[in-house]
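Trainee: Just so it is clear, I am handing over start.pdb, which has PDB, C-alpha atoms, pLDDT in the B column.
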```
ATOM      1  CA  MET A   8       0.509  40.326-108.740  1.00 68.00           C
ATOM      2  CA  SER A   9      -0.352  40.497-105.063  1.00 77.00           C
ATOM      3  CA  THR A  10      -2.016  43.076-102.867  1.00 92.00           C
ATOM      4  CA  LYS A  11      -2.220  43.594 -99.109  1.00 94.00           C
ATOM      5  CA  MET A  12      -5.437  43.237 -97.173  1.00 95.00           C
ATOM      6  CA  GLU A  13      -5.889  44.091 -93.487  1.00 96.00           C
ATOM      7  CA  LEU A  14      -8.795  42.475 -91.671  1.00 96.00           C
ATOM      8  CA  PRO A  15     -10.044  43.806 -88.320  1.00 97.00           C
ATOM      9  CA  PHE A  16     -11.162  41.471 -85.561  1.00 97.00           C
ATOM     10  CA  ARG A  17     -14.754  42.336 -84.663  1.00 96.00           C
ATOM     11  CA  LEU A  18     -16.385  41.729 -81.314  1.00 95.00           C
ATOM     12  CA  ASP A  19     -19.289  39.287 -81.663  1.00 93.00           C
ATOM     13  CA  SER A  20     -21.332  40.648 -78.774  1.00 93.00           C
ATOM     14  CA  GLN A  21     -24.314  38.389 -79.471  1.00 91.00           C
ATOM     15  CA  LEU A  22     -22.245  35.194 -79.375  1.00 90.00           C
ATOM     16  CA  THR A  23     -20.302  36.423 -76.337  1.00 92.00           C
ATOM     17  CA  GLU A  24     -23.617  36.995 -74.548  1.00 92.00           C
ATOM     18  CA  VAL A  25     -24.912  33.524 -75.495  1.00 90.00           C
ATOM     19  CA  MET A  26     -21.735  31.962 -74.099  1.00 90.00           C
ATOM     20  CA  ARG A  27     -22.043  34.014 -70.893  1.00 92.00           C
ATOM     21  CA  LEU A  28     -25.672  32.873 -70.528  1.00 91.00           C
ATOM     22  CA  ARG A  29     -24.479  29.255 -70.798  1.00 89.00           C
ATOM     23  CA  VAL A  30     -22.144  29.818 -67.825  1.00 91.00           C
ATOM     24  CA  GLN A  31     -24.896  31.595 -65.888  1.00 92.00           C
ATOM     25  CA  SER A  32     -27.395  28.817 -66.635  1.00 89.00           C
ATOM     26  CA  LEU A  33     -25.023  26.115 -65.377  1.00 90.00           C
ATOM     27  CA  GLN A  34     -24.341  28.111 -62.201  1.00 89.00           C
ATOM     28  CA  GLN A  35     -28.033  28.738 -61.496  1.00 92.00           C
ATOM     29  CA  ARG A  36     -28.898  25.061 -61.879  1.00 91.00           C
ATOM     30  CA  SER A  37     -25.774  23.931 -59.987  1.00 92.00           C
ATOM     31  CA  GLN A  38     -24.799  21.839 -62.999  1.00 90.00           C
ATOM     32  CA  LYS A  39     -21.339  21.074 -64.308  1.00 91.00           C
ATOM     33  CA  ARG A  40     -20.079  21.719 -67.806  1.00 90.00           C
ATOM     34  CA  GLN A  41     -19.944  18.862 -70.290  1.00 89.00           C
ATOM     35  CA  GLU A  42     -16.718  16.885 -70.314  1.00 91.00           C
ATOM     36  CA  GLY A  43     -14.243  18.861 -72.420  1.00 91.00           C
ATOM     37  CA  GLU A  44     -16.527  21.899 -72.747  1.00 90.00           C
ATOM     38  CA  ARG A  45     -14.752  25.268 -72.735  1.00 91.00           C
ATOM     39  CA  LEU A  46     -16.765  27.892 -70.849  1.00 93.00           C
ATOM     40  CA  LEU A  47     -16.223  31.594 -71.428  1.00 93.00           C
ATOM     41  CA  GLN A  48     -14.441  33.316 -68.542  1.00 94.00           C
ATOM     42  CA  ALA A  49     -15.422  36.790 -67.289  1.00 94.00           C
ATOM     43  CA  ASN A  50     -12.326  38.417 -68.872  1.00 96.00           C
ATOM     44  CA  GLU A  51     -12.902  36.824 -72.295  1.00 97.00           C
ATOM     45  CA  ALA A  52     -14.952  37.785 -75.334  1.00 96.00           C
ATOM     46  CA  VAL A  53     -15.643  36.199 -78.712  1.00 94.00           C
ATOM     47  CA  TYR A  54     -14.307  37.970 -81.788  1.00 95.00           C
ATOM     48  CA  ARG A  55     -14.880  37.186 -85.430  1.00 94.00           C
ATOM     49  CA  LEU A  56     -12.753  37.528 -88.531  1.00 95.00           C
ATOM     50  CA  ASP A  57     -14.511  37.539 -91.916  1.00 93.00           C
ATOM     51  CA  PHE A  58     -12.602  36.551 -95.028  1.00 94.00           C
ATOM     52  CA  SER A  59     -13.641  38.193 -98.289  1.00 90.00           C
ATOM     53  CA  LYS A  60     -10.853  36.366-100.145  1.00 90.00           C
ATOM     54  CA  GLN A  61      -9.599  32.826 -99.625  1.00 87.00           C
ATOM     55  CA  SER A  62      -6.106  32.790-101.171  1.00 90.00           C
ATOM     56  CA  LEU A  63      -4.098  34.521 -98.452  1.00 94.00           C
ATOM     57  CA  ARG A  64      -0.558  34.563 -97.088  1.00 95.00           C
ATOM     58  CA  PHE A  65       0.077  35.918 -93.611  1.00 96.00           C
ATOM     59  CA  SER A  66       1.894  39.277 -93.564  1.00 96.00           C
ATOM     60  CA  HIS A  67       1.779  40.769 -90.053  1.00 96.00           C
ATOM     61  CA  TRP A  68      -0.231  41.523 -86.953  1.00 97.00           C
ATOM     62  CA  SER A  69      -1.391  45.022 -86.072  1.00 95.00           C
ATOM     63  CA  VAL A  70      -2.126  45.111 -82.346  1.00 95.00           C
ATOM     64  CA  ARG A  71      -2.467  48.354 -80.417  1.00 93.00           C
ATOM     65  CA  LEU A  72      -2.948  48.471 -76.664  1.00 93.00           C
ATOM     66  CA  ALA A  73      -3.932  51.932 -75.408  1.00 91.00           C
ATOM     67  CA  GLN A  74      -2.551  51.141 -71.963  1.00 90.00           C
ATOM     68  CA  PRO A  75      -0.341  48.495 -70.360  1.00 92.00           C
ATOM     69  CA  GLY A  76      -1.930  45.073 -70.381  1.00 94.00           C
ATOM     70  CA  HIS A  77      -1.894  41.556 -71.710  1.00 96.00           C
ATOM     71  CA  LEU A  78      -3.974  40.127 -74.595  1.00 97.00           C
ATOM     72  CA  THR A  79      -4.151  36.453 -75.538  1.00 97.00           C
ATOM     73  CA  ILE A  80      -5.913  35.487 -78.775  1.00 97.00           C
ATOM     74  CA  THR A  81      -6.903  31.852 -79.273  1.00 97.00           C
ATOM     75  CA  ALA A  82      -8.459  30.620 -82.507  1.00 95.00           C
ATOM     76  CA  THR A  83     -11.184  28.023 -82.710  1.00 92.00           C
ATOM     77  CA  SER A  84     -11.116  25.282 -85.301  1.00 84.00           C
ATOM     78  CA  GLN A  85     -13.231  25.339 -88.432  1.00 68.00           C
ATOM     79  CA  LEU A  86     -15.408  22.567 -86.957  1.00 70.00           C
ATOM     80  CA  TRP A  87     -17.018  24.748 -84.281  1.00 70.00           C
ATOM     81  CA  THR A  88     -20.501  25.921 -85.164  1.00 74.00           C
ATOM     82  CA  PRO A  89     -21.214  28.362 -82.331  1.00 72.00           C
ATOM     83  CA  ASP A  90     -24.916  28.647 -83.097  1.00 70.00           C
ATOM     84  CA  LEU A  91     -25.445  24.897 -82.708  1.00 73.00           C
ATOM     85  CA  THR A  92     -22.837  23.431 -80.343  1.00 79.00           C
ATOM     86  CA  ASN A  93     -20.921  24.300 -77.227  1.00 84.00           C
ATOM     87  CA  LEU A  94     -17.248  25.145 -77.604  1.00 88.00           C
ATOM     88  CA  MET A  95     -15.060  22.173 -76.707  1.00 90.00           C
ATOM     89  CA  THR A  96     -11.470  22.495 -75.491  1.00 90.00           C
ATOM     90  CA  ARG A  97     -10.219  20.268 -78.321  1.00 89.00           C
ATOM     91  CA  GLN A  98     -11.493  22.880 -80.798  1.00 90.00           C
ATOM     92  CA  LEU A  99      -8.990  25.509 -79.605  1.00 93.00           C
ATOM     93  CA  LEU A 100      -5.947  25.863 -81.823  1.00 92.00           C
ATOM     94  CA  GLU A 101      -2.310  26.211 -80.831  1.00 92.00           C
ATOM     95  CA  PRO A 102      -0.314  28.351 -80.680  1.00 94.00           C
ATOM     96  CA  ALA A 103      -2.168  31.330 -79.284  1.00 95.00           C
ATOM     97  CA  GLY A 104      -1.186  34.908 -80.060  1.00 96.00           C
ATOM     98  CA  VAL A 105       0.140  36.601 -76.928  1.00 97.00           C
ATOM     99  CA  PHE A 106       0.605  40.386 -76.997  1.00 97.00           C
ATOM    100  CA  TRP A 107       1.460  42.781 -74.170  1.00 96.00           C
ATOM    101  CA  ARG A 108       2.579  46.213 -73.167  1.00 94.00           C
ATOM    102  CA  ALA A 109       4.431  46.626 -69.867  1.00 91.00           C
ATOM    103  CA  LEU A 110       4.135  49.557 -67.477  1.00 88.00           C
ATOM    104  CA  SER A 111       7.759  50.437 -68.237  1.00 87.00           C
ATOM    105  CA  ASP A 112       7.143  50.609 -72.027  1.00 85.00           C
ATOM    106  CA  ALA A 113       6.988  54.045 -73.622  1.00 80.00           C
ATOM    107  CA  SER A 114       3.516  54.987 -74.904  1.00 77.00           C
ATOM    108  CA  ASP A 115       4.782  54.913 -78.498  1.00 80.00           C
ATOM    109  CA  ALA A 116       6.687  51.615 -78.104  1.00 84.00           C
ATOM    110  CA  PRO A 117       5.438  48.729 -80.241  1.00 88.00           C
ATOM    111  CA  VAL A 118       3.368  46.032 -78.560  1.00 93.00           C
ATOM    112  CA  GLN A 119       5.496  43.038 -77.602  1.00 94.00           C
ATOM    113  CA  CYS A 120       4.697  39.446 -78.551  1.00 95.00           C
ATOM    114  CA  TYR A 121       6.189  35.999 -78.881  1.00 94.00           C
ATOM    115  CA  GLU A 122       7.176  36.539 -82.509  1.00 94.00           C
ATOM    116  CA  ALA A 123       7.567  32.901 -83.598  1.00 94.00           C
ATOM    117  CA  ASP A 124       4.198  31.934 -82.115  1.00 95.00           C
ATOM    118  CA  ALA A 125       2.496  35.020 -83.563  1.00 96.00           C
ATOM    119  CA  ALA A 126       3.894  34.255 -87.038  1.00 96.00           C
ATOM    120  CA  GLU A 127       2.866  30.587 -86.839  1.00 96.00           C
ATOM    121  CA  PHE A 128      -0.568  31.634 -85.579  1.00 96.00           C
ATOM    122  CA  GLY A 129      -0.984  34.054 -88.496  1.00 96.00           C
ATOM    123  CA  GLU A 130       0.060  31.385 -90.994  1.00 96.00           C
ATOM    124  CA  ARG A 131      -2.423  28.953 -89.462  1.00 94.00           C
ATOM    125  CA  ILE A 132      -5.222  31.511 -89.858  1.00 95.00           C
ATOM    126  CA  ALA A 133      -4.255  32.022 -93.527  1.00 95.00           C
ATOM    127  CA  GLU A 134      -4.434  28.241 -94.066  1.00 93.00           C
ATOM    128  CA  LEU A 135      -7.887  28.015 -92.479  1.00 92.00           C
ATOM    129  CA  ALA A 136      -9.067  30.984 -94.562  1.00 91.00           C
ATOM    130  CA  LYS A 137      -8.786  28.751 -97.629  1.00 90.00           C
ATOM    131  CA  VAL A 138     -11.803  26.760 -96.410  1.00 89.00           C
ATOM    132  CA  ARG A 139     -13.574  29.316 -94.220  1.00 88.00           C
ATOM    133  CA  LYS A 140     -15.527  32.510 -94.783  1.00 89.00           C
ATOM    134  CA  ALA A 141     -15.310  33.347 -91.066  1.00 91.00           C
ATOM    135  CA  MET A 142     -13.382  32.294 -87.989  1.00 93.00           C
ATOM    136  CA  TYR A 143     -14.037  32.803 -84.299  1.00 94.00           C
ATOM    137  CA  PHE A 144     -11.484  33.745 -81.649  1.00 96.00           C
ATOM    138  CA  LEU A 145     -11.385  34.012 -77.882  1.00 96.00           C
ATOM    139  CA  PHE A 146      -9.773  37.247 -76.728  1.00 97.00           C
ATOM    140  CA  LYS A 147      -8.565  37.056 -73.122  1.00 98.00           C
ATOM    141  CA  PHE A 148      -7.897  40.425 -71.482  1.00 97.00           C
ATOM    142  CA  ALA A 149      -5.564  40.707 -68.470  1.00 96.00           C
ATOM    143  CA  GLU A 150      -3.482  43.132 -66.430  1.00 93.00           C
ATOM    144  CA  GLY A 151      -5.429  46.283 -67.306  1.00 89.00           C
ATOM    145  CA  CYS A 152      -6.307  45.331 -70.868  1.00 94.00           C
ATOM    146  CA  ASN A 153      -9.981  45.391 -71.927  1.00 93.00           C
ATOM    147  CA  PRO A 154     -12.004  45.514 -75.171  1.00 93.00           C
ATOM    148  CA  GLU A 155     -12.099  49.325 -75.137  1.00 93.00           C
ATOM    149  CA  THR A 156      -8.291  49.622 -75.033  1.00 92.00           C
ATOM    150  CA  VAL A 157      -7.501  47.090 -77.780  1.00 94.00           C
ATOM    151  CA  ASP A 158      -7.401  47.570 -81.537  1.00 95.00           C
ATOM    152  CA  CYS A 159      -6.428  44.413 -83.381  1.00 96.00           C
ATOM    153  CA  SER A 160      -6.198  43.381 -87.022  1.00 97.00           C
ATOM    154  CA  ILE A 161      -4.229  40.965 -89.133  1.00 97.00           C
ATOM    155  CA  ALA A 162      -2.711  41.686 -92.545  1.00 97.00           C
ATOM    156  CA  PHE A 163      -2.449  39.245 -95.419  1.00 97.00           C
ATOM    157  CA  ILE A 164      -0.999  39.243 -98.900  1.00 95.00           C
ATOM    158  CA  VAL A 165      -3.715  38.337-101.410  1.00 94.00           C
ATOM    159  CA  ASP A 166      -2.488  36.245-104.309  1.00 80.00           C
ATOM    160  CA  THR A 167      -4.243  37.248-107.498  1.00 72.00           C
TER
END
```
Starting from the file, give its structure as structure tokens.
Mentor:
Amino acid sequence: MSTKMELPFRLDSQLTEVMRLRVQSLQQRSQKRQEGERLLQANEAVYRLDFSKQSLRFSHWSVRLAQPGHLTITATSQLWTPDLTNLMTRQLLEPAGVFWRALSDASDAPVQCYEADAAEFGERIAELAKVRKAMYFLFKFAEGCNPETVDCSIAFIVDT
């Protein structure tokens, strides 16, 4: 017997702020980032996904963009402990989920994505959920997209 479970991505405003302060601190002191360190860009925010169950199979993405724009979601590896270490580039997972809505798209048209990458990305998240209670993601907003215009979740099939 299996059931569906949809998990929303939640903005981690505290962690996003800490990462922005890191960038600000480096700029104020005229210092450079550590070799391989991944600094948060102005159009990025940190989101979190909490897993209440561990035995999951990827089902589908549910991404809604209220206006035309471009959203890129990149997962971080299970080794990153954001409260203790800086995010390193090698801790970003491939592929990323890329979703967009063009100006020419009807308002009720589904959000477009690179389907093979999105499916592989979802399967990778399901695999990591087996050993994680939470995962962190970088959401990059572009071309008119911003946190207020995005609603994003991921659905899984829970094996019972």
Trainee: Would you mind reading off the distance between CA of Tyr121 (chain A) and CA of Gly104 (chain A), one decimal, in Å?
Mentor: 7.5 Å
Trainee: Apply the PyMOL selection byres ((chain A and resi 98) around 10) to the displayed file and report the matching residues as a list in words.
Mentor: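 For this structure, the PyMOL selection byres ((chain A and resi 98) around 10) captures Gly43, Glu44, Arg45, Ala82, Thr83, Ser84, Gln85, Leu86, Trp87, Leu94, Met95, Thr96, Arg97, Leu99, Leu100 and Glu101 of chain A.
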Trainee: Find the distance between CA of Asp166 (chain A) and CA of Lys11 (chain A) and write it in Å to one decimal.
Mentor: 9.0 Å
Trainee: Using only C-alpha atoms, which of the listed residues (A:Ala52, A:Ala136, A:Ala141, A:Ile80) sits closest to Val165 (chain A)?
Mentor: A:Ala136
Trainee: Could I get the residues of region 41-158 of chain A with an atom no further than 6 Å from an atom of region 14-31 of chain A, each paired with its nearest atom pair and that distance in Å to one decimal, using all atoms listed in the file, sorted by chain and residue number, as a Markdown table?
Mentor:
```
| residue | atom | partner | partner_atom | distance |
| --- | --- | --- | --- | --- |
| A:Ala52 | CA | A:Thr23 | CA | 5.6 |
| A:Val53 | CA | A:Thr23 | CA | 5.2 |
| A:Tyr54 | CA | A:Leu18 | CA | 4.3 |
| A:Arg55 | CA | A:Arg17 | CA | 5.2 |
| A:Leu56 | CA | A:Phe16 | CA | 5.2 |
```
Trainee: Please return the centre and edge lengths, in Å to one decimal, of a box with edges along x, y and z that contains all listed atoms of region 55-62 of chain A, widened by 5 Å on every side, as lines of an AutoDock Vina configuration file.
Mentor:
```
center_x = -10.5
center_y = 35.5
center_z = -93.3
size_x = 18.8
size_y = 15.4
size_z = 25.7
```
Trainee: Give me, please, the distance in Å between CA of Cys120 (chain A) and CA of Pro102 (chain A), quoted to one decimal.
Mentor: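 About the pair CA of Cys120 (chain A) and CA of Pro102 (chain A): they are 12.4 Å apart.
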Trainee: Hey, what comes out of the PyMOL selection byres ((chain A and resi 64-75) around 6) on this file? Could you write it as number ranges by chain?
Mentor: A: 63, 76, 108-110, 129-130, 133, 156-164
Trainee: So, with all atoms listed in the file as the atoms that count, which of A:Ala103, A:Thr81, A:Glu13, A:Asp124 lies closest to Met142 (chain A)?
Mentor: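 Using all atoms listed in the file, the shortest distance to Met142 (chain A) belongs to A:Thr81.
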Trainee: Considering all atoms listed in the file, state which residue in the set A:Pro89, A:Phe146, A:Ser62, A:Ala113 is at the smallest distance from Thr10 (chain A).
Mentor: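 Checking each candidate against Thr10 (chain A), we get A:Ser62 as the closest.
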Trainee: I'd like the neighbourhood of Ala149 (chain A) as a PyMOL selection string, where a residue qualifies if any of its atoms comes within 7 Å (using all atoms listed in the file), though same-chain residues fewer than 2 positions away should be ignored.
Mentor: chain A and resi 76-78+147+151-152
Trainee: Between A:Arg139, A:Asn153, A:Thr88, A:Val105, single out the one closest to Ala126 (chain A), counting only C-alpha atoms.
Mentor: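 Going through A:Arg139, A:Asn153, A:Thr88, A:Val105 one by one, the smallest distance to Ala126 (chain A) is for A:Val105.
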